[in-house]
Amino acid sequence: MDQPHQDPPDNRGSNSLAEITRALDALKQRLERLEQPGVAQTPASAETAAEVRRQTVGEPLSDAQQRALAHLQEIASIPSTSLDANELFGLAMDRITRLLIVDRAVLFLLDPDQGRLSPRTSRGFRQDDLTEFTLVPGEGLVGRAFREGRPLVYSTPIGDAPPDPFIVRFPVRDAIALPIRAEGEVAGVLFAGRRGRPAPFTVDEIQLLLFIADRVGTALVHRRLVDKIAGQVDRLRELVALSVRASLRYNIEEVLSSACEAGCRLLRVRCAAIVLTRPDGELGARGSYGLPGEVLEQWHPRRDEGLTAQAFSSQQPVVCPDLAARPGPEDLLLAGLGLRALLLVPLRARNGVVGCLYLGDRGVKDFSADEVEAARLLAALAAIAVENSQLYDELRRAHKELEATLDQLVQSEKARALGEMSAGIAHEFNNVLAIIVGKAQLMLERTDDRSFREDLGVIEEAAWRAADTVRRLQRFALTRMDEKPALVDLNRLIDDAVTLTRPRWKDEAEARGIRVEVVTDLEETSPVLGDPADLREMMTNLILNALDAMPNGGRVLFSTRRRPHAVELVVTDTGVGMPEEVRRRVFEPFFTTRSPQRAGLGLSVVHGIVARHRGSIQIESQEGRGTTVRISLPTAAAGTAAAPSAPPRGEASAEVATILVIEDEDRLRRMLVDILTKAGHAVEGAQDGLDGLARFQGGRFDLVITDLSMPECSGLEVARGVKQISPGTPVVLITGWGDLLDPLRIEEAGVDLMIVKPFRVDRVLTVVGDALRLGRPHGP
């Protein structure tokens, strides 16, 4: 009974696999002799046949042997390394089907993930026949050949032989399965089968199939090597990406030292160093491995000397197998360290060569091309790290500048918000203070009791101190300079402020047993365009703030300098200074670290005045080292005229008049009515602007006094309405903003005079007298 799986047959009477192997070795030896230089590669020619006869000790080759050699040569012509593995497998299948006249040929390869044999390429099958087909090692002819690692043949089974799953699905009469080895292991199986009449495979055919299997195995080894190299390249790329990310997070010296250490491991050298170009153009070591620190301090390579000059000029690696052959000064220093071989690789960035990588060894060493390429890659990584570090430094500087700009923006926005809040607070406080001052003065006129009058005087004085704080708060709240500016000499204002504050910084200081100097270093400068009162107050606040910072005495220096289109004012004190968290908050209103007697508005007001004059202010301070305030104010354009001075005020008038008082604050309105009535005037009160206009239109009044801030109808709208009804009737505006308002806007509304809250009784009577003396005709 024939067995479905058996050893390959031999037509010469030998079924031994060893004999097949010996025959194959003899055939390979013949092929090697044919492939020697000078030997023709075409057996069909007469010259080749003669050469073959000479190489085989004069024995002529038979026609069958010549055909076998021709087949073998055709198979040997299949390249095992230059083609893609799939292309090579396809060529092998083509050779098998054409040379061996087989109907089916399949190359099975082991899938290591699934542990099954899968068809890789085939001939004699439809496109979808083998799509889902796999075999388990040991299953059928193909599986046994893989597991046993030897060729197996198949003939049509007779009787109850176990079925072969592959042959049952794809029937053949004769077949052979040969294992394919790669690196000593079975990696797959080559299957060939015939479907026609019975035609067992001969020894020569088996030899050819074994040779083809050998070529396929070589291709598999090559593919594995390629895959291995590709994996190494992928890992190296990952290392590059990791190095780039690391260079963004770590100190550049650490990154470069790590690169030097990696270079020593890759090239198996003793030491390495990386030098970078400093801002002054010289080279300095920034990273090293295997070199003492004192050596690096003495080593100063130059871009224009020795091997370093070659590396920088050529921008290519420079190899020196033996430093003893180079007598240059730089090379002698390196040789003095015990180094013989040296490899220099420039660090090339987008803006040119930024440094150089030095790799040295104590023995003579001829660096290979692979080692040079590895060093070049390492230098590229180092260059990327250097470039990223430079970009990081630039980004950090830009971030600091952005932070400073953001701080200024936040401060400005905070000042704007606080200013809006302060405006409302100031309005309410002025109304209250006006009542307190007015009532206190009225009560002073009604009593002669000394003790009572002293108490009223204290109340009035406290109210005026509060009014001064409100006025400063209003100046902080003011975001623009509405009054027409004048040409101001800063040097003169500084002298005025020093003189005005002299009692404080000299007399009071000496009385407390301390000494304070206020020194000026004033350079002749161009005038600035601004408000003299504001700028004088700014100087005064700067002096007072410096005095508060010097409780034990010290020195204050005022200096002015010319700058392009600006004047720089610098105020420096030798006080206690302040920490950074305090410096950041000095412009906040009511923020103070001084005595409770100070309201914390000094530098806030200074900041507001500088902002209104379109200038800039910076404060530098350290604890224990004093404070420096730098202010820059734009200079005035040539030919700018100064603002005209305000007209002089007159005295109170004894003329009796009919007066309309419009004030939404009930107590303040009643107090004004009392003051004017006591002065002999006929007074009528209105609770808001609309009520006042209605009363004015229905009556006859010599003067209208109106508050500025009222609901529904403001004081400016009242003034316009009065002027439309009776252009000759004077209008007096009561406001807590005073000279902070825009005079042009006030004049356009028809306001003739103003009373600033809080006010004294005599001030009200004086303004009323001035208004009545304007001599305008009465209304209807």
# chains A, B, ... in the order shown; residues from 1 in each chain; ligands from 1
>>> select_by_dssp(residues="stretch 97-260 of chain A", states="helix (DSSP H, G or I)", output="PyMOL selection string")
chain A and resi 97-99+140-148+165-169+203-249+252-260
>>> closest_residue(among="A:Leu529, A:Leu359, A:Ala349, A:Ala272", to="A:Ala636", atoms="only C-alpha atoms")
A:Leu529
>>> atom_distance(atom1="atom CA of A:Thr735", atom2="atom CA of A:Ser709")
7.5 Å
>>> select_by_dssp(residues="stretch 505-561 of chain A", states="strand (DSSP E or B)", output="list in words")
Val516, Glu517, Val518, Val519, Thr520, Asp521, Leu522, Val528, Leu529, Gly530, Gly554, Arg555, Val556, Leu557, Phe558, Ser559, Thr560 and Arg561 of chain A
>>> atom_distance(atom1="atom CA of A:Leu569", atom2="atom CA of A:Ala404")
20.6 Å
>>> residues_around(residues="stretch 494-498 of chain A", least_positions_apart="6", cutoff="12 Å", atoms="only C-alpha atoms", output="number ranges by chain")
A: 488, 504-506, 517-523, 532-544, 547, 556-560, 569-571
>>> closest_residue(among="A:Ile619, A:Val386, A:Ala311, A:Leu225", to="A:Val255", atoms="only C-alpha atoms")
A:Val386
